[in-house]
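Asks: The file below is protein_31.cif, mmCIF, C-alpha atoms and all ligand atoms:
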```cif
data_coords
#
loop_
_atom_site.label_atom_id
_atom_site.label_comp_id
_atom_site.auth_asym_id
_atom_site.auth_seq_id
_atom_site.Cartn_x
_atom_site.Cartn_y
_atom_site.Cartn_z
CA MET A 1 26.96 114.10 184.08
CA ILE A 2 26.59 114.51 180.35
CA LEU A 3 24.05 112.40 178.53
CA LEU A 4 23.46 112.29 174.79
CA ASP A 5 20.31 110.25 174.39
CA ASP A 6 19.38 108.79 171.00
CA ILE A 7 20.63 111.76 168.98
CA HIS A 8 19.69 112.00 165.32
CA LYS A 9 21.24 114.72 163.17
CA ALA A 10 21.18 115.22 159.41
CA PHE A 11 22.44 118.02 157.19
CA GLY A 12 20.06 118.21 154.23
CA SER A 13 19.60 114.65 153.07
CA LYS A 14 22.85 113.49 154.65
CA SER A 15 22.33 111.68 157.94
CA VAL A 16 25.31 112.03 160.29
CA LEU A 17 24.11 110.87 163.70
CA ASP A 18 21.52 108.11 163.76
CA GLY A 19 20.71 107.07 167.31
CA PHE A 20 23.91 108.26 169.04
CA THR A 21 23.77 107.53 172.78
CA LEU A 22 26.61 108.20 175.22
CA GLU A 23 26.81 108.83 178.96
CA VAL A 24 29.83 110.59 180.46
CA ARG A 25 30.18 110.12 184.21
CA GLU A 26 31.54 112.60 186.74
CA GLY A 27 35.33 112.65 186.88
CA GLU A 28 35.96 110.39 183.91
CA THR A 29 37.69 111.07 180.61
CA MET A 30 35.63 109.67 177.76
CA VAL A 31 37.59 109.25 174.55
CA ILE A 32 35.66 109.23 171.27
CA ILE A 33 37.34 107.51 168.34
CA GLY A 34 36.09 106.94 164.81
CA TYR A 35 36.87 107.53 161.16
CA SER A 36 37.18 111.02 159.72
CA GLY A 37 33.83 112.53 158.80
CA THR A 38 31.71 110.18 160.93
CA GLY A 39 30.33 112.97 163.13
CA LYS A 40 32.56 113.14 166.22
CA SER A 41 32.78 116.93 166.16
CA VAL A 42 29.08 117.17 165.31
CA ALA A 43 28.25 115.04 168.36
CA ILE A 44 30.10 117.18 170.91
CA LYS A 45 28.81 120.46 169.43
CA HIS A 46 25.39 119.34 170.70
CA ILE A 47 26.66 119.47 174.28
CA VAL A 48 27.19 123.24 174.21
CA GLY A 49 24.17 123.97 172.04
CA LEU A 50 26.17 124.87 168.92
CA LEU A 51 23.97 122.30 167.15
CA GLU A 52 20.50 121.07 168.02
CA PRO A 53 19.41 117.48 167.47
CA ASP A 54 16.69 116.65 164.96
CA LYS A 55 15.57 114.01 167.40
CA GLY A 56 16.82 112.90 170.82
CA ARG A 57 17.91 114.88 173.87
CA VAL A 58 21.11 116.19 175.41
CA PHE A 59 21.43 116.65 179.17
CA VAL A 60 24.19 118.37 181.13
CA ASP A 61 23.81 118.09 184.91
CA GLY A 62 20.18 117.15 184.39
CA LEU A 63 19.38 120.22 182.26
CA GLU A 64 18.13 119.59 178.74
CA VAL A 65 20.29 121.81 176.53
CA ALA A 66 17.71 122.51 173.80
CA THR A 67 15.19 123.87 176.31
CA LEU A 68 17.52 126.46 177.86
CA GLY A 69 16.99 130.17 177.38
CA ARG A 70 19.84 132.40 176.27
CA ARG A 71 21.02 133.23 179.81
CA GLU A 72 20.85 129.64 180.97
CA LEU A 73 22.76 128.54 177.90
CA TYR A 74 25.53 131.10 178.64
CA ALA A 75 25.65 129.87 182.23
CA LEU A 76 25.98 126.30 180.97
CA ARG A 77 28.73 127.27 178.51
CA SER A 78 30.72 128.91 181.30
CA ARG A 79 30.93 125.46 182.95
CA ILE A 80 32.17 123.77 179.78
CA GLY A 81 35.60 124.47 178.29
CA TYR A 82 35.71 123.72 174.56
CA VAL A 83 39.06 123.15 172.84
CA PHE A 84 38.25 123.50 169.14
CA GLN A 85 39.68 121.19 166.51
CA PHE A 86 41.46 124.01 164.68
CA SER A 87 42.47 126.10 167.73
CA ALA A 88 40.17 128.94 166.56
CA LEU A 89 42.44 131.67 167.95
CA PHE A 90 41.98 135.29 166.90
CA ASP A 91 45.14 136.26 165.08
CA SER A 92 44.72 139.98 165.71
CA MET A 93 44.66 139.46 169.49
CA THR A 94 47.58 138.51 171.72
CA VAL A 95 47.71 135.12 173.40
CA ALA A 96 46.61 136.69 176.70
CA GLU A 97 43.67 138.45 175.03
CA ASN A 98 42.61 135.18 173.42
CA VAL A 99 42.73 133.40 176.78
CA ALA A 100 40.82 136.25 178.47
CA MET A 101 38.01 136.24 175.92
CA GLY A 102 35.65 133.78 177.59
CA LEU A 103 36.34 135.29 181.01
CA LYS A 104 35.32 138.76 179.79
CA LYS A 105 32.16 137.30 178.31
CA MET A 106 31.21 135.89 181.71
CA GLY A 107 30.90 139.48 182.89
CA THR A 108 31.46 138.65 186.56
CA LEU A 109 35.21 139.15 186.98
CA THR A 110 37.26 142.33 187.44
CA ALA A 111 40.18 143.10 185.11
CA ALA A 112 42.62 142.13 187.87
CA GLU A 113 40.87 138.83 188.47
CA ILE A 114 40.94 138.11 184.74
CA ASP A 115 44.70 138.79 184.67
CA VAL A 116 45.24 136.28 187.47
CA ARG A 117 43.20 133.63 185.69
CA VAL A 118 45.02 134.20 182.39
CA HIS A 119 48.43 133.84 184.03
CA GLU A 120 47.32 130.74 185.90
CA ALA A 121 45.97 129.11 182.72
CA LEU A 122 49.10 129.91 180.68
CA GLU A 123 51.24 128.48 183.44
CA LEU A 124 49.20 125.27 183.47
CA VAL A 125 49.94 124.75 179.77
CA ASP A 126 53.63 125.62 180.24
CA LEU A 127 53.44 128.93 178.38
CA PRO A 128 53.90 131.37 181.27
CA ASP A 129 55.74 134.04 179.28
CA SER A 130 53.79 134.01 176.02
CA GLY A 131 50.89 136.29 176.91
CA HIS A 132 52.12 139.25 174.83
CA ILE A 133 52.77 137.18 171.67
CA LEU A 134 50.48 137.06 168.63
CA PRO A 135 49.19 133.58 167.70
CA ILE A 136 50.80 133.84 164.25
CA GLU A 137 54.22 133.63 165.93
CA LEU A 138 53.43 130.30 167.59
CA SER A 139 54.01 126.73 166.44
CA GLY A 140 51.04 124.39 165.94
CA GLY A 141 51.64 122.72 169.29
CA MET A 142 51.79 126.03 171.11
CA ARG A 143 48.57 127.18 169.44
CA LYS A 144 46.86 124.02 170.65
CA ARG A 145 48.10 124.75 174.17
CA VAL A 146 46.73 128.30 174.00
CA GLY A 147 43.38 126.80 172.94
CA ILE A 148 43.53 124.58 176.02
CA ALA A 149 44.51 127.55 178.24
CA ARG A 150 41.50 129.49 176.97
CA ALA A 151 39.24 126.58 177.91
CA ILE A 152 40.72 125.94 181.36
CA ALA A 153 40.80 129.65 182.28
CA LEU A 154 37.05 129.31 182.85
CA ARG A 155 37.82 126.74 185.58
CA PRO A 156 35.21 124.57 183.96
CA LYS A 157 33.58 121.48 185.34
CA TYR A 158 33.76 119.90 181.89
CA LEU A 159 36.38 120.03 179.15
CA LEU A 160 35.71 119.01 175.56
CA TYR A 161 38.87 118.47 173.52
CA ASP A 162 38.44 118.06 169.77
CA GLU A 163 41.59 116.37 168.44
CA PRO A 164 44.03 118.08 170.80
CA THR A 165 47.08 116.20 169.48
CA THR A 166 46.34 115.75 165.78
CA GLY A 167 49.21 116.89 163.60
CA LEU A 168 51.70 117.23 166.46
CA ASP A 169 54.99 115.39 166.92
CA PRO A 170 54.98 112.50 169.44
CA VAL A 171 56.75 114.41 172.21
CA THR A 172 54.46 117.45 171.99
CA SER A 173 51.51 115.06 171.91
CA ALA A 174 52.75 113.37 175.06
CA VAL A 175 53.04 116.75 176.80
CA ILE A 176 49.42 117.54 175.92
CA ASP A 177 48.29 114.07 177.03
CA GLU A 178 49.99 114.64 180.36
CA MET A 179 48.24 117.98 180.69
CA MET A 180 44.85 116.35 180.11
CA VAL A 181 45.56 113.71 182.75
CA ARG A 182 46.62 116.48 185.16
CA MET A 183 43.30 118.29 184.60
CA ARG A 184 41.42 115.13 185.49
CA ASP A 185 43.51 114.07 188.49
CA LYS A 186 44.36 117.45 190.03
CA LEU A 187 41.28 119.50 189.17
CA GLY A 188 38.73 116.68 188.95
CA VAL A 189 37.56 117.83 185.52
CA THR A 190 35.23 115.57 183.55
CA SER A 191 36.29 115.43 179.91
CA ILE A 192 35.54 114.22 176.45
CA VAL A 193 38.52 113.80 174.13
CA ILE A 194 38.11 113.20 170.41
CA THR A 195 41.18 111.62 168.88
CA HIS A 196 42.51 109.33 166.16
CA ASP A 197 45.67 108.78 168.13
CA MET A 198 45.36 105.45 169.97
CA ARG A 199 48.45 106.08 172.08
CA SER A 200 46.82 109.24 173.36
CA ALA A 201 43.47 107.43 173.81
CA TYR A 202 45.11 104.77 175.98
CA THR A 203 46.99 107.39 178.03
CA VAL A 204 44.13 109.75 178.84
CA GLY A 205 41.02 107.58 178.56
CA THR A 206 38.98 106.26 181.43
CA ARG A 207 36.68 104.77 178.82
CA ILE A 208 36.71 104.77 175.03
CA ALA A 209 33.69 104.94 172.70
CA MET A 210 33.82 104.23 169.00
CA LEU A 211 31.47 106.16 166.72
CA TYR A 212 30.57 104.17 163.64
CA GLU A 213 27.74 104.68 161.13
CA GLY A 214 26.02 107.35 163.22
CA ARG A 215 25.99 105.61 166.57
CA VAL A 216 28.23 104.39 169.36
CA ARG A 217 29.22 100.94 168.19
CA TRP A 218 31.32 100.06 171.20
CA VAL A 219 32.13 101.58 174.61
CA GLY A 220 34.35 100.25 177.38
CA THR A 221 37.58 100.67 179.35
CA VAL A 222 41.08 100.76 177.87
CA ASP A 223 41.71 97.17 178.97
CA GLU A 224 38.43 96.05 177.45
CA ILE A 225 39.07 97.68 174.08
CA LYS A 226 42.50 96.08 173.84
CA SER A 227 40.90 92.65 174.09
CA THR A 228 37.68 93.25 172.15
CA GLU A 229 36.84 90.87 169.35
CA ASP A 230 34.66 93.39 167.52
CA PRO A 231 36.23 93.34 164.03
CA VAL A 232 35.37 96.98 163.24
CA VAL A 233 36.91 98.23 166.48
CA ARG A 234 39.99 96.04 166.08
CA GLN A 235 40.56 97.24 162.53
CA PHE A 236 40.46 100.84 163.75
CA ILE A 237 42.65 100.49 166.83
CA GLU A 238 45.19 98.37 165.00
CA GLY A 239 45.18 100.69 161.97
CA ARG A 240 44.66 97.90 159.45
CA ALA A 241 43.70 98.49 155.83
CA SER A 242 41.22 95.61 155.80
CA PRO A 243 38.78 94.29 158.39
CA VAL A 244 40.03 91.96 161.07
CA PRO A 245 38.29 88.59 160.64
CA ALA A 246 35.99 87.67 163.52
CA GLY A 247 37.15 84.90 165.78
CA PRO A 248 39.33 84.23 168.76
CA LEU A 249 42.19 86.61 169.46
CA GLY A 250 45.77 85.80 168.75
N1 LIG B 301 27.38 122.71 159.78
C1 LIG B 301 27.39 121.70 158.90
N2 LIG B 301 26.67 121.75 157.77
C2 LIG B 301 26.67 120.72 156.89
N3 LIG B 301 27.37 119.59 157.07
C3 LIG B 301 28.11 119.47 158.17
C4 LIG B 301 28.17 120.52 159.15
N4 LIG B 301 28.97 120.12 160.15
C5 LIG B 301 29.40 118.88 159.81
N5 LIG B 301 28.89 118.50 158.63
C6 LIG B 301 29.12 117.20 157.98
O1 LIG B 301 28.89 116.19 158.94
C7 LIG B 301 29.81 115.11 158.75
C8 LIG B 301 30.53 114.82 160.05
O2 LIG B 301 31.40 115.90 160.34
P1 LIG B 301 32.34 115.96 161.62
O3 LIG B 301 33.10 117.21 161.50
O4 LIG B 301 31.54 115.77 162.84
O5 LIG B 301 33.28 114.69 161.41
P2 LIG B 301 34.44 114.19 162.36
O6 LIG B 301 34.09 112.80 162.77
O7 LIG B 301 34.68 115.18 163.43
O8 LIG B 301 35.67 114.12 161.33
P3 LIG B 301 37.25 114.51 161.53
O9 LIG B 301 37.84 113.33 162.24
O10 LIG B 301 37.75 114.62 160.15
O11 LIG B 301 37.31 115.76 162.31
C9 LIG B 301 30.72 115.52 157.61
O12 LIG B 301 30.27 114.92 156.44
C10 LIG B 301 30.56 117.02 157.54
O13 LIG B 301 30.75 117.48 156.25
MG MG B 302 36.19 116.52 163.81
#
```
Translate this file's structure into structure tokens.

Replies:
Amino acid sequence: MILLDDIHKAFGSKSVLDGFTLEVREGETMVIIGYSGTGKSVAIKHIVGLLEPDKGRVFVDGLEVATLGRRELYALRSRIGYVFQFSALFDSMTVAENVAMGLKKMGTLTAAEIDVRVHEALELVDLPDSGHILPIELSGGMRKRVGIARAIALRPKYLLYDEPTTGLDPVTSAVIDEMMVRMRDKLGVTSIVITHDMRSAYTVGTRIAMLYEGRVRWVGTVDEIKSTEDPVVRQFIEGRASPVPAGPLG
């Protein structure tokens, strides 16, 4: 289980998270939605210790992230696959080398074992023959898939996806959505998916949380969000330019 408990985070005088609380249960896919710049990426960086809260606590499997030593933090990170918002591939390395990176860092696998894992991961994202290619030769959608392969090669318990479908055409997005559902249903991975894409949110989400003004304003199932009367949530999910007036639906 992942628990972010009353997280406060500011950069200089700018407060970003202001009492952010979210619990992610085993086996579920928690989707986080919210306007650009509200702190979605900042929130999930706390889970892997890339950021530390000013106040509040983050727990992964009962361990408080900020209290972990360097070794414990590495051990924790090897259980969490992180798909970065901007792919973050190394352009001077081949696709296979990019996917192998985290596995080498673990320091526990032989070269042959790493090869097997890399092939397996590239197959899972439908790029079985792209290992020798340089990232520069790939389309945006393929780069995203390599980012996902790098995360799943760790065979993680948790996967954090930061906008995995942003900027992709609808069909490529649907392929990636399907892949995320497969990870949950076939491998039992617990995930957090940040997205602006409501179609994707409805496809992959077990529950959806909306970040608004530094905290989780609303959290519930896909069915519940579709019938919520919260005007801020409805404006966002319906993509309206002005707030939805409060009142009965319809
Ligand atoms: N390391 C940092 N130093 C200073 N400010 C930061 C840092 N990281 C994020 N911020 C600021 O925190 C705010 C929230 O950023 P964040 O990237 O989490 O937004 P987001 O919700 O993920 O937006 P988007 O949907 O555009 O990705 C922004 O104003 C950003 O400029
Ligand atoms: Mg972001």

Asks: Mind checking which residues fall within 12 Å of segment 203-209 of chain A, counting all atoms listed in the file, ignoring those fewer than 6 positions away in the same chain, and posting them as a ChimeraX atom specification?

Replies: /A:20-34,40,161,164-165,173-185,190-197,215-226,228,233,236-237

Asks: Which residues are close to Glu52 of chain A, i.e. within 12 Å by all atoms listed in the file, leaving aside same-chain residues fewer than 5 positions away? Reply as a VMD selection string.

Replies: chain A and resid 4 7 to 11 17 42 to 47 57 to 58 64 to 68

Asks: Would you list the residues that come within 8 Å of ligand MG 302 (chain B)? Count only C-alpha atoms and all ligand atoms and give the answer as a list in words.

Replies: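 Using only C-alpha atoms and all ligand atoms, everything at most 8 Å from ligand MG 302 (chain B) comes to Ser36, Gly37, Gly39, Lys40, Ser41, Val42, Gln85, Asp162, Glu163 and Ile194 of chain A.
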
Asks: Generate the output file for the selected residues, C-alpha atoms, as an mmCIF file, in the frame of the given file.

Replies:
```cif
data_model
loop_
_atom_site.group_PDB
_atom_site.id
_atom_site.type_symbol
_atom_site.label_atom_id
_atom_site.label_comp_id
_atom_site.auth_asym_id
_atom_site.auth_seq_id
_atom_site.Cartn_x
_atom_site.Cartn_y
_atom_site.Cartn_z
ATOM 1 C CA SER A 36 37.180 111.020 159.720
ATOM 2 C CA GLY A 37 33.830 112.530 158.800
ATOM 3 C CA GLY A 39 30.330 112.970 163.130
ATOM 4 C CA LYS A 40 32.560 113.140 166.220
ATOM 5 C CA SER A 41 32.780 116.930 166.160
ATOM 6 C CA VAL A 42 29.080 117.170 165.310
ATOM 7 C CA GLN A 85 39.680 121.190 166.510
ATOM 8 C CA ASP A 162 38.440 118.060 169.770
ATOM 9 C CA GLU A 163 41.590 116.370 168.440
ATOM 10 C CA ILE A 194 38.110 113.200 170.410
#
```

Asks: Between atom CA of Arg79 of chain A and atom CA of Ile2 of chain A, what is the distance, to one decimal in Å?

Replies: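 Distance between the two atoms: 12.1 Å.
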
Asks: For a quick check of understanding, using all atoms listed in the file, which of A:Leu187, A:Leu211, A:Val232, A:Leu122 has the smallest distance to ligand LIG 301 (chain B)?

Replies: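 For ligand LIG 301 (chain B), the nearest of the given residues is A:Leu211.
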
Asks: Draw an axis-aligned box tight on the listed atoms of ligand LIG 301 (chain B), then pad every side by 4 Å and write out centre and edge lengths in Å to one decimal as AutoDock Vina command-line options.

Replies:
```
--center_x 32.3 --center_y 117.8 --center_z 159.8 --size_x 19.2 --size_y 17.9 --size_z 15.2
```

Asks: Check the smallest atom-to-atom distance from each of A:Arg77, A:Val189, A:Gly167, A:Ser139 to ligand LIG 301 (chain B) using all atoms listed in the file, then report the winner.

Replies: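 Under the stated criterion, the closest residue is A:Gly167.
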